[in-house]
Amino acid sequence: MSIASDVSDKGRSDRRRQKLFAGINRAAAWLSALGLGWLTPLLKIAAGDDPREQLGELRDSLLFPLMGIVLFLTAWAMLAPQVQTSLGAIPGPAQVWEQAGALWQDHIAEREKETSFYARQDERNAELIADGRPEDVKFRSFTGKPTFLDQILTSLKTVGLGFLIATAVAVPLGIASGLSRPFNGALNPLVQLFKPVSPLAWLPIVTMIVSAVYVDVNEAFPKALIISAVTVTLCSLWPTLINTALGVASIDKDLVNVGKVLQLSTATTITKLVLPSALPLIFTGLRLSLGVGWMVLIAAEMLAQNPGLGKFVWDEFQNGSSNSLSRIMVAVLTIGIIGFMLDRVMFTLQTAFTFSSNR
């Protein structure tokens, strides 16, 4: 009786352990998508897996990347003072970090000015109403200078708008191109012609067309934002279009034949058969398009002097103060970090959609 009980307990323990590891393995895909794959070995060690094997995984996923970052920062700190420019020596990590804090303090100070401005305006309007002069009440918007964080938000808004337009254009064209050989033959020369065109070449054309067409300017979408967003669209839609067409064209032909036998509508065939099969390549194209769009945006903002991180970099370069080079490097690192985070967001969405379509 005791032996049977021990066997039963051991069986239940093994089943619980298997369920636990199955849950960790499912979570591993999400952790990897979020850039937190190094947590998986720690979870497996905590669940009772072989520490030696998992420590090797932890070394590859966490220790080596950290070593790379430390070596880069060390080389930067040692070599930067050796390079003299017209604005002084290249700033090291400490100076760049200091200016990052200064930019944050500038943002806080500007928000305090904004709060004070609206408080004074409300107080003045209240006094006018109390004096019986409601017709003199006026509401004005705060016109302070945009801070570094404001420029970041502007760039994110612009790249988001351009990316959404590019996706709305590229995905339907890619599906049609993948399903129809004549359509693909007609579209392919245009793709090959316009895909290599630089954003710097598109920008003057886009500026003139938007200025001529976009007459009734909406406050939420100023003309500068639309110009930058359209430039992003024209340069970033090609990876999504090409990968969507490739994904649709490479699906199993038996799936398409099944749709024909069942007499499914075109919309049903696309949503139920084509898209789930082509989804991995479509998301690969979307990730590439977002990365291209983010790079294009910075160049467009610098050239057109439209609000955003690109304009911030150019203004600091033109400013030529002792802190300008450090602030430019803060912007460069910020651009890189945001680009990485945007890619992680798209990879997470890809994981979510692929997981849901496979269920």
# chains A, B, ... in the order shown; residues from 1 in each chain; ligands from 1
call {"tool": "select_by_dssp", "arguments": {"residues": "range 76-231 of chain A", "states": "strand (DSSP E or B)", "output": "number ranges by chain"}}
result
A: 84-85, 88-89, 218, 221
call {"tool": "write_last_selection", "arguments": {"atoms": "N, CA, C and O atoms", "output": "compact mmCIF listing (two decimals), in the first residue's frame"}}
result
# COMPACT_ATOMS: atom_id res chain seq x y z
N GLN A 84 39.41 65.22 -31.40
CA GLN A 84 39.06 66.62 -31.25
C GLN A 84 38.30 67.10 -32.50
O GLN A 84 38.71 66.84 -33.62
N THR A 85 37.19 67.79 -32.27
CA THR A 85 36.39 68.34 -33.36
C THR A 85 36.29 69.85 -33.19
O THR A 85 36.83 70.43 -32.24
N GLY A 88 34.93 70.63 -29.89
CA GLY A 88 35.64 70.07 -28.75
C GLY A 88 35.80 68.57 -28.90
O GLY A 88 35.53 67.99 -29.95
N ALA A 89 36.24 67.93 -27.82
CA ALA A 89 36.46 66.49 -27.85
C ALA A 89 35.13 65.75 -27.93
O ALA A 89 34.09 66.23 -27.47
N ASN A 218 -5.64 70.64 -40.90
CA ASN A 218 -6.20 70.25 -39.61
C ASN A 218 -5.13 70.44 -38.54
O ASN A 218 -3.97 70.10 -38.74
N PHE A 221 -3.18 67.43 -37.64
CA PHE A 221 -2.29 66.92 -38.68
C PHE A 221 -1.72 68.10 -39.47
O PHE A 221 -2.18 68.38 -40.58
call {"tool": "residues_around", "arguments": {"residues": "Arg120 in chain A", "least_positions_apart": "6", "cutoff": "12 Å", "atoms": "only C-alpha atoms", "output": "ChimeraX atom specification"}}
result
/A:113-114,126-127,138-140,142
call {"tool": "closest_residue", "arguments": {"among": "A:Leu20, A:Asp150, A:Ser32, A:Ala278", "to": "Lys44 in chain A", "atoms": "only C-alpha atoms"}}
result
A:Leu20
call {"tool": "residues_around", "arguments": {"residues": "Val197 in chain A", "least_positions_apart": "4", "cutoff": "10 Å", "atoms": "only C-alpha atoms", "output": "PyMOL selection string"}}
result
chain A and resi 192-193+201-202+234-235
call {"tool": "residues_around", "arguments": {"residues": "Ala212 in chain A", "least_positions_apart": "6", "cutoff": "12 Å", "atoms": "only C-alpha atoms", "output": "VMD selection string"}}
result
chain A and resid 205 to 206 223 227
